[in-house]
file start06.cif (mmCIF, C-alpha atoms)
data_input
#
loop_
_atom_site.label_atom_id
_atom_site.label_comp_id
_atom_site.auth_asym_id
_atom_site.auth_seq_id
_atom_site.Cartn_x
_atom_site.Cartn_y
_atom_site.Cartn_z
CA GLY U 1 75.22 96.00 100.63
CA LEU U 2 76.62 98.78 98.49
CA TYR U 3 74.72 102.01 97.92
CA VAL U 4 75.40 105.10 95.84
CA GLY U 5 74.19 108.44 97.21
CA LEU U 6 72.89 110.85 94.56
CA ALA U 7 72.86 114.64 94.75
CA ASP U 8 69.07 114.64 95.20
CA GLY U 9 69.40 112.58 98.38
CA ARG U 10 68.39 109.20 96.96
CA GLN U 11 70.32 106.08 97.98
CA ILE U 12 70.51 103.58 95.09
CA GLU U 13 71.67 99.99 95.60
CA ALA U 14 74.83 99.26 93.61
CA VAL U 15 76.60 96.19 92.26
CA LEU U 16 80.38 95.82 92.14
CA VAL U 17 81.29 95.24 88.49
CA GLY U 18 85.06 95.07 88.87
CA SER U 19 87.95 96.24 91.02
CA ASP U 20 91.68 96.79 90.71
CA PRO U 21 93.33 96.93 94.15
CA GLU U 22 96.70 97.86 92.68
CA THR U 23 95.36 101.22 91.53
CA ASP U 24 92.71 101.50 94.29
CA LEU U 25 89.92 101.73 91.71
CA ALA U 26 86.56 99.99 91.51
CA LEU U 27 83.54 100.22 89.22
CA LEU U 28 79.95 100.16 90.53
CA ARG U 29 76.73 99.82 88.55
CA ILE U 30 73.31 101.18 89.52
CA GLN U 31 69.97 100.50 87.78
CA GLU U 32 69.03 104.10 87.08
CA LYS U 33 68.53 105.92 83.78
CA ASP U 34 69.01 109.47 82.50
CA LEU U 35 71.65 110.43 85.05
CA PRO U 36 74.06 113.22 84.12
CA ALA U 37 77.59 111.97 83.43
CA VAL U 38 80.89 113.77 83.77
CA THR U 39 83.24 114.00 80.80
CA ILE U 40 86.63 112.36 81.37
CA GLY U 41 89.41 114.85 80.67
CA ASP U 42 93.04 114.30 79.70
CA SER U 43 95.24 114.38 82.81
CA THR U 44 98.38 114.17 80.66
CA GLN U 45 97.69 117.76 79.57
CA LEU U 46 97.62 119.12 83.13
CA ARG U 47 100.13 121.76 84.13
CA ILE U 48 101.30 122.79 87.58
CA GLY U 49 99.32 125.81 88.75
CA GLN U 50 96.08 124.92 86.95
CA SER U 51 92.86 125.44 88.90
CA VAL U 52 91.01 122.33 90.08
CA LEU U 53 87.95 121.51 92.19
CA ALA U 54 87.64 118.56 94.58
CA ILE U 55 84.15 117.13 95.12
CA GLY U 56 83.25 114.84 97.99
CA ASN U 57 81.28 114.25 101.15
CA PRO U 58 83.74 115.03 103.96
CA PHE U 59 82.73 113.77 107.40
CA ASP U 60 79.31 112.87 105.90
CA VAL U 61 78.15 116.52 106.03
CA GLY U 62 76.88 116.44 102.43
CA GLN U 63 78.27 117.12 98.99
CA THR U 64 81.08 119.65 99.23
CA VAL U 65 83.27 121.40 96.67
CA THR U 66 86.70 122.81 97.49
CA ALA U 67 89.01 124.78 95.21
CA GLY U 68 92.76 124.61 94.69
CA ILE U 69 95.48 124.16 92.13
CA VAL U 70 97.60 121.36 90.72
CA SER U 71 100.60 121.51 93.06
CA ALA U 72 102.66 118.73 91.43
CA LEU U 73 102.39 115.90 88.93
CA GLY U 74 103.73 112.36 88.84
CA ARG U 75 104.04 111.92 92.60
CA HIS U 76 105.17 108.39 93.49
CA GLY U 77 106.95 106.43 96.18
CA LEU U 78 104.23 107.17 98.75
CA GLY U 79 103.53 103.54 99.63
CA LEU U 80 99.82 103.87 98.81
CA ASN U 81 99.32 101.81 95.64
CA SER U 82 101.39 99.52 93.46
CA TYR U 83 101.07 101.99 90.58
CA GLU U 84 101.61 105.56 91.69
CA ASP U 85 101.51 108.56 89.38
CA PHE U 86 99.46 110.91 91.54
CA ILE U 87 98.26 114.43 90.94
CA GLN U 88 99.10 116.53 94.01
CA THR U 89 96.65 119.30 94.89
CA ASP U 90 96.06 121.79 97.68
CA ALA U 91 92.27 121.60 97.25
CA ALA U 92 91.01 120.50 100.66
CA ILE U 93 90.50 116.72 100.85
CA ASN U 94 89.24 115.27 104.11
CA GLN U 95 87.79 112.01 105.42
CA GLY U 96 84.93 111.09 103.11
CA ASN U 97 86.45 112.70 100.03
CA SER U 98 88.19 109.53 98.82
CA GLY U 99 86.57 108.41 95.60
CA GLY U 100 85.34 111.92 94.84
CA ALA U 101 86.04 113.75 91.62
CA LEU U 102 88.90 116.11 90.92
CA ILE U 103 87.78 118.28 88.02
CA ASN U 104 89.39 121.01 85.93
CA ALA U 105 88.02 124.46 85.08
CA GLN U 106 86.08 122.96 82.16
CA GLY U 107 84.23 120.58 84.49
CA GLU U 108 86.06 117.51 83.19
CA LEU U 109 87.13 114.64 85.43
CA ILE U 110 90.92 114.66 85.58
CA GLY U 111 91.37 112.57 88.73
CA ILE U 112 89.80 110.66 91.60
CA ASN U 113 90.76 111.84 95.08
CA THR U 114 92.42 109.07 97.04
CA ALA U 115 94.60 110.24 99.96
CA ILE U 116 96.16 113.08 101.92
CA PHE U 117 99.57 113.54 103.47
CA SER U 118 99.11 114.04 107.19
CA PRO U 119 101.99 114.14 109.71
CA GLU U 120 101.64 112.08 112.88
CA GLN U 121 100.76 115.13 114.97
CA SER U 122 97.92 116.09 112.61
CA ASP U 123 94.83 114.13 111.64
CA GLY U 124 93.50 116.75 109.24
CA PHE U 125 94.29 118.26 105.86
CA ILE U 126 97.49 120.33 105.68
CA GLY U 127 97.39 121.25 102.02
CA ILE U 128 98.75 118.08 100.41
CA GLY U 129 96.21 115.82 98.74
CA PHE U 130 96.59 113.19 96.04
CA ALA U 131 94.36 112.05 93.18
CA ILE U 132 94.58 109.12 90.76
CA PRO U 133 94.92 110.70 87.28
CA SER U 134 92.32 110.08 84.58
CA SER U 135 95.01 108.54 82.36
CA ILE U 136 95.23 105.60 84.78
CA ILE U 137 91.45 105.45 85.15
CA GLU U 138 90.96 105.14 81.39
CA ARG U 139 93.65 102.47 81.19
CA VAL U 140 91.89 100.11 83.62
CA LEU U 141 88.27 101.04 82.86
CA PRO U 142 87.71 98.68 79.88
CA SER U 143 88.76 95.66 81.96
CA LEU U 144 86.62 96.75 84.91
CA MET U 145 83.59 97.27 82.65
CA ALA U 146 84.04 93.74 81.30
CA GLY U 147 84.41 92.33 84.80
CA LYS U 148 87.90 91.10 83.99
CA VAL U 149 91.18 91.17 85.88
CA VAL U 150 93.33 94.05 84.65
CA GLU U 151 96.20 92.57 82.63
CA ARG U 152 99.55 94.33 82.78
CA GLY U 153 102.74 93.92 80.82
CA TYR U 154 105.62 91.98 82.36
CA PHE U 155 109.30 91.60 81.39
CA GLY U 156 110.59 89.52 84.31
CA PHE U 157 113.56 91.40 85.72
CA VAL U 158 114.45 93.27 88.89
CA PRO U 159 115.24 96.98 88.38
CA ARG U 160 117.47 98.95 90.73
CA GLN U 161 117.70 102.72 91.08
CA LEU U 162 121.32 103.78 90.69
CA SER U 163 123.06 106.04 93.17
CA ARG U 164 126.52 107.51 92.74
CA GLU U 165 127.94 105.35 95.53
CA PHE U 166 126.34 102.15 94.23
CA ALA U 167 127.56 102.82 90.69
CA GLN U 168 131.11 103.44 91.94
CA ASP U 169 131.08 100.20 93.93
CA LEU U 170 130.13 98.29 90.76
CA GLY U 171 132.57 100.18 88.57
CA LEU U 172 129.82 101.40 86.25
CA THR U 173 130.41 104.15 83.70
CA VAL U 174 127.19 105.97 84.69
CA SER U 175 126.00 107.09 88.11
CA GLN U 176 122.32 107.81 87.47
CA GLY U 177 119.39 105.92 86.01
CA VAL U 178 118.01 102.41 86.40
CA MET U 179 120.04 99.21 86.28
CA VAL U 180 118.89 95.65 85.62
CA SER U 181 119.74 93.91 88.89
CA HIS U 182 118.56 90.40 88.01
CA VAL U 183 116.82 88.68 85.07
CA LEU U 184 114.45 85.79 85.75
CA GLY U 185 115.10 82.62 83.79
CA LYS U 186 112.77 81.92 80.83
CA SER U 187 111.17 85.35 81.27
CA PRO U 188 110.39 87.68 78.33
CA ALA U 189 113.43 89.75 79.37
CA ALA U 190 115.70 86.67 79.34
CA GLN U 191 114.39 85.53 75.98
CA ALA U 192 115.09 88.98 74.52
CA GLY U 193 118.68 88.96 75.79
CA LEU U 194 118.47 91.45 78.65
CA HIS U 195 121.42 91.05 81.03
CA ALA U 196 122.11 91.90 84.64
CA PHE U 197 124.00 95.22 84.96
CA ASP U 198 122.44 96.58 81.76
CA ILE U 199 121.50 100.24 82.22
CA LEU U 200 118.02 101.02 80.90
CA LYS U 201 118.03 103.99 78.53
CA LYS U 202 114.68 103.71 76.73
CA ILE U 203 111.59 101.49 76.85
CA ASP U 204 109.20 101.79 73.92
CA GLY U 205 110.79 105.11 72.99
CA GLU U 206 110.56 106.73 76.44
CA GLU U 207 113.75 107.72 78.25
CA ILE U 208 114.27 106.06 81.62
CA HIS U 209 115.37 107.97 84.71
CA HIS U 210 113.56 106.42 87.68
CA VAL U 211 112.64 102.89 88.70
CA ASN U 212 109.04 103.85 89.41
CA ARG U 213 108.57 104.98 85.81
CA VAL U 214 109.93 101.62 84.61
CA LEU U 215 107.09 99.93 86.49
CA GLN U 216 104.50 102.26 85.00
CA ILE U 217 105.72 101.92 81.41
CA ILE U 218 105.96 98.12 81.44
CA ALA U 219 102.63 97.72 83.24
CA ALA U 220 100.93 99.82 80.54
CA LEU U 221 102.28 97.65 77.70
CA LYS U 222 99.97 95.17 76.00
CA PRO U 223 101.07 91.56 76.53
CA GLY U 224 102.18 89.94 73.28
CA ILE U 225 103.00 93.20 71.46
CA PRO U 226 106.81 93.55 70.96
CA VAL U 227 108.56 96.77 72.01
CA GLU U 228 112.11 98.05 71.66
CA VAL U 229 114.30 98.44 74.73
CA GLU U 230 117.55 100.38 74.57
CA VAL U 231 120.23 99.59 77.16
CA LEU U 232 123.78 100.65 77.89
CA ARG U 233 125.91 97.51 78.20
CA GLY U 234 129.39 98.47 79.29
CA SER U 235 130.14 101.34 76.91
CA GLN U 236 127.87 100.20 74.07
CA LEU U 237 124.24 101.00 73.34
CA VAL U 238 122.27 97.83 72.58
CA THR U 239 118.71 97.69 71.24
CA LEU U 240 116.60 94.66 72.16
CA THR U 241 113.08 93.61 71.19
CA VAL U 242 111.05 92.40 74.16
CA THR U 243 107.61 90.80 73.89
CA PRO U 244 105.85 91.47 77.22
CA GLY U 245 104.08 88.66 79.01
CA VAL U 246 101.22 88.98 81.50
CA ARG U 247 102.42 90.10 84.90
CA PRO U 248 101.83 87.39 87.52
CA LYS U 249 99.70 88.27 90.50
CA ASN U 250 101.66 89.77 93.39
CA ALA U 251 104.80 90.15 91.25
CA ILE U 252 105.32 93.59 92.70
CA GLU U 253 106.24 94.12 96.31
CA ARG U 254 107.58 97.33 97.66
CA ALA U 255 110.96 97.18 99.31
CA GLN U 256 110.21 100.42 101.09
CA ALA U 257 107.04 102.26 102.00
CA GLY U 258 106.41 105.76 103.18
CA PRO U 259 106.84 109.31 101.95
CA THR U 260 110.22 108.74 100.25
CA ALA U 261 110.89 107.37 96.78
CA ILE U 262 111.41 103.64 96.63
CA ASP U 263 114.76 102.26 95.48
CA THR U 264 113.75 98.74 94.59
CA ILE U 265 110.76 96.96 93.10
CA SER U 266 110.76 93.17 93.04
CA THR U 267 110.02 92.14 89.44
CA VAL U 268 108.53 94.04 86.51
#

call {"tool": "encode", "arguments": {"input": "start06.cif", "output": "structure tokens"}}
result
Amino acid sequence: GLYVGLADGRQIEAVLVGSDPETDLALLRIQEKDLPAVTIGDSTQLRIGQSVLAIGNPFDVGQTVTAGIVSALGRHGLGLNSYEDFIQTDAAINQGNSGGALINAQGELIGINTAIFSPEQSDGFIGIGFAIPSSIIERVLPSLMAGKVVERGYFGFVPRQLSREFAQDLGLTVSQGVMVSHVLGKSPAAQAGLHAFDILKKIDGEEIHHVNRVLQIIAALKPGIPVEVEVLRGSQLVTLTVTPGVRPKNAIERAQAGPTAIDTISTV
């Protein structure tokens, strides 16, 4: 069974309410009252250099707190989850810390520790840890609390990160950004008039620079609520209205995995 260990040493049986493997998050419920609760902070307001504390139970030695700073924001392409927008920290995170809190100086939860970067010759912490930001936690929490599958927006096209060489081979007028590689038939993207070789400029008002951000933006959209998409088609800017559908299960598969940024995502 599942058990939750409390700070006073008690082990309370827990029930799995919901889980979301694509963000590596799960929600447990315990039948216990009057427990102190952490306040969820706003990870979108974090700045590099801010002080943070990582809380966990490394190597099962007991509750441990380590201090560090926010080393970087928006880390992705690590091959850990389908949706990656990690907080990077140098606060020590070791085996047993996964699922522990990352808190700011005000004691607010701004992330959940999930992984470390460890070269092959090292099994321990070398100063690079990653946490799932609270902005993602709050996005999936309502569905988990209701015991529902997390629904994500879906357009139905294949994005491709542009490189200078690739753009030159295709004779494109731009050499950076994200291109529409393929549009699925009868998809929301096809119905809105999105074409292959369109260059994505904005989705729902946000400028597009990297394929990973395209995935994050579209996934966060509410199915059925229309949004504007601005594309460069040849030399002309075109504005389309796309009504997102519900992303099918397993629509996203990574073309590459590892510590480098991915170039291709299957369909978004």

call {"tool": "closest_residue", "arguments": {"input": "start06.cif", "among": "U:Glu108, U:Asp34, U:Glu84, U:Glu151", "to": "Arg247 of chain U", "atoms": "only C-alpha atoms"}}
result
U:Glu151

call {"tool": "residues_around", "arguments": {"input": "start06.cif", "residues": "Leu28 of chain U", "least_positions_apart": "4", "cutoff": "7 Å", "atoms": "all atoms listed in the file", "output": "short mmCIF file (atom, residue, chain, number, x, y, z; two decimals) with C-alpha atoms, in the coordinates of the input"}}
result
data_model
loop_
_atom_site.label_atom_id
_atom_site.label_comp_id
_atom_site.auth_asym_id
_atom_site.auth_seq_id
_atom_site.Cartn_x
_atom_site.Cartn_y
_atom_site.Cartn_z
CA ALA U 14 74.83 99.26 93.61
CA VAL U 15 76.60 96.19 92.26
CA LEU U 16 80.38 95.82 92.14
CA VAL U 17 81.29 95.24 88.49
#

call {"tool": "atom_distance", "arguments": {"input": "start06.cif", "atom1": "atom CA of Pro188 of chain U", "atom2": "atom CA of Gly224 of chain U"}}
result
9.9 Å

call {"tool": "axis_aligned_box", "arguments": {"input": "start06.cif", "around": "segment 224-229 of chain U", "padding_each_side": "6 Å", "output": "AutoDock Vina command-line options"}}
result
--center_x 108.2 --center_y 94.2 --center_z 72.8 --size_x 24.1 --size_y 20.5 --size_z 15.8

call {"tool": "residues_near_point", "arguments": {"input": "start06.cif", "point": "(85.2, 117.8, 82.8)", "cutoff": "6 Å", "atoms": "all atoms listed in the file", "output": "NGL selection string"}}
result
:U and (38-41 or 103 or 106-109)

call {"tool": "resolve_selection", "arguments": {"input": "start06.cif", "expression": "the PyMOL selection byres ((chain U and resi 90-92) around 12)", "output": "ChimeraX atom specification"}}
result
/U:48-58,64-72,87-89,93-98,100-104,113,115-117,124-131

call {"tool": "residues_around", "arguments": {"input": "start06.cif", "residues": "segment 180-182 of chain U", "least_positions_apart": "4", "cutoff": "8 Å", "atoms": "only C-alpha atoms", "output": "compact mmCIF listing (two decimals) with C-alpha atoms, keeping the file's coordinate frame"}}
result
# COMPACT_ATOMS: atom_id res chain seq x y z
CA PHE U 157 113.56 91.40 85.72
CA VAL U 158 114.45 93.27 88.89
CA PRO U 159 115.24 96.98 88.38
CA ARG U 160 117.47 98.95 90.73
CA HIS U 195 121.42 91.05 81.03
CA ALA U 196 122.11 91.90 84.64
CA PHE U 197 124.00 95.22 84.96
CA ASP U 198 122.44 96.58 81.76
CA ILE U 199 121.50 100.24 82.22
CA LEU U 200 118.02 101.02 80.90

call {"tool": "residues_near_point", "arguments": {"input": "start06.cif", "point": "(115.6, 96.8, 76.4)", "cutoff": "7 Å", "atoms": "all atoms listed in the file", "output": "MDAnalysis selection string"}}
result
chainID U and resid 194 200 202:203 228:231 239:242

call {"tool": "resolve_selection", "arguments": {"input": "start06.cif", "expression": "the PyMOL selection byres ((chain U and resi 221) around 10)", "output": "ChimeraX atom specification"}}
result
/U:151-155,204,216-220,222-227,243-246

call {"tool": "atom_distance", "arguments": {"input": "start06.cif", "atom1": "atom CA of Gln11 of chain U", "atom2": "atom CA of Ile137 of chain U"}}
result
24.7 Å

call {"tool": "atom_distance", "arguments": {"input": "start06.cif", "atom1": "atom CA of Lys186 of chain U", "atom2": "atom CA of Gly156 of chain U"}}
result
8.6 Å

call {"tool": "residues_around", "arguments": {"input": "start06.cif", "residues": "Pro36 of chain U", "least_positions_apart": "3", "cutoff": "12 Å", "atoms": "only C-alpha atoms", "output": "ChimeraX atom specification"}}
result
/U:6-7,32-33,39

call {"tool": "closest_residue", "arguments": {"input": "start06.cif", "among": "U:Ser163, U:Ser43, U:Glu207, U:Leu172", "to": "Ile132 of chain U", "atoms": "all atoms listed in the file"}}
result
U:Ser43

call {"tool": "resolve_selection", "arguments": {"input": "start06.cif", "expression": "the PyMOL selection byres ((chain U and resi 19) around 9)", "output": "list in words"}}
result
Leu16, Val17, Gly18, Asp20, Pro21, Thr23, Asp24, Leu25, Ala26, Leu27, Leu28, Leu144, Gly147, Lys148, Val149 and Val150 of chain U

call {"tool": "decode", "arguments": {"input": "start06.cif", "residues": "segment 197-262 of chain U", "atoms": "C-alpha atoms", "output": "short mmCIF file (atom, residue, chain, number, x, y, z; two decimals), in the first residue's frame"}}
result
data_model
loop_
_atom_site.label_atom_id
_atom_site.label_comp_id
_atom_site.auth_asym_id
_atom_site.auth_seq_id
_atom_site.Cartn_x
_atom_site.Cartn_y
_atom_site.Cartn_z
CA PHE U 197 5.91 25.43 -44.08
CA ASP U 198 4.08 28.15 -42.15
CA ILE U 199 6.44 29.77 -39.63
CA LEU U 200 4.84 30.19 -36.21
CA LYS U 201 5.15 33.75 -34.91
CA LYS U 202 2.59 33.91 -32.10
CA ILE U 203 0.15 31.56 -30.37
CA ASP U 204 -2.48 33.19 -28.16
CA GLY U 205 -0.40 36.38 -28.09
CA GLU U 206 2.90 34.76 -27.07
CA GLU U 207 5.88 34.97 -29.41
CA ILE U 208 7.28 31.63 -30.55
CA HIS U 209 10.99 30.86 -30.60
CA HIS U 210 11.36 27.19 -29.63
CA VAL U 211 9.45 24.01 -30.40
CA ASN U 212 9.29 23.01 -26.74
CA ARG U 213 7.42 26.21 -25.89
CA VAL U 214 4.91 25.44 -28.66
CA LEU U 215 4.10 22.19 -26.87
CA GLN U 216 3.69 23.95 -23.52
CA ILE U 217 1.46 26.74 -24.85
CA ILE U 218 -0.89 24.47 -26.80
CA ALA U 219 -1.09 21.92 -23.98
CA ALA U 220 -2.15 24.68 -21.57
CA LEU U 221 -5.01 25.85 -23.81
CA LYS U 222 -8.58 24.90 -22.94
CA PRO U 223 -10.17 22.63 -25.55
CA GLY U 224 -13.03 24.37 -27.35
CA ILE U 225 -11.87 27.93 -26.63
CA PRO U 226 -10.65 29.64 -29.87
CA VAL U 227 -7.24 31.35 -29.93
CA GLU U 228 -5.42 33.43 -32.52
CA VAL U 229 -2.32 32.06 -34.22
CA GLU U 230 -0.04 34.32 -36.22
CA VAL U 231 2.14 32.72 -38.91
CA LEU U 232 4.56 33.88 -41.57
CA ARG U 233 3.49 32.36 -44.89
CA GLY U 234 6.06 33.18 -47.52
CA SER U 235 6.57 36.89 -46.93
CA GLN U 236 3.12 37.62 -45.50
CA LEU U 237 1.87 37.57 -41.91
CA VAL U 238 -1.38 35.62 -41.63
CA THR U 239 -3.62 35.47 -38.55
CA LEU U 240 -5.70 32.32 -38.04
CA THR U 241 -8.27 31.35 -35.41
CA VAL U 242 -7.75 27.83 -34.09
CA THR U 243 -10.17 26.04 -31.77
CA PRO U 244 -8.10 23.48 -29.82
CA GLY U 245 -9.33 19.93 -29.50
CA VAL U 246 -8.43 17.45 -26.75
CA ARG U 247 -4.98 15.99 -27.23
CA PRO U 248 -5.16 12.23 -27.89
CA LYS U 249 -3.32 9.95 -25.53
CA ASN U 250 0.30 9.32 -26.52
CA ALA U 251 0.19 12.05 -29.19
CA ILE U 252 3.58 13.23 -28.04
CA GLU U 253 6.69 11.17 -28.54
CA ARG U 254 10.15 12.53 -28.24
CA ALA U 255 12.35 12.23 -31.28
CA GLN U 256 15.39 12.68 -29.09
CA ALA U 257 16.09 12.20 -25.41
CA GLY U 258 18.94 13.28 -23.23
CA PRO U 259 20.56 16.48 -22.02
CA THR U 260 20.21 18.37 -25.32
CA ALA U 261 17.21 20.28 -26.62
CA ILE U 262 14.88 18.28 -28.79
#
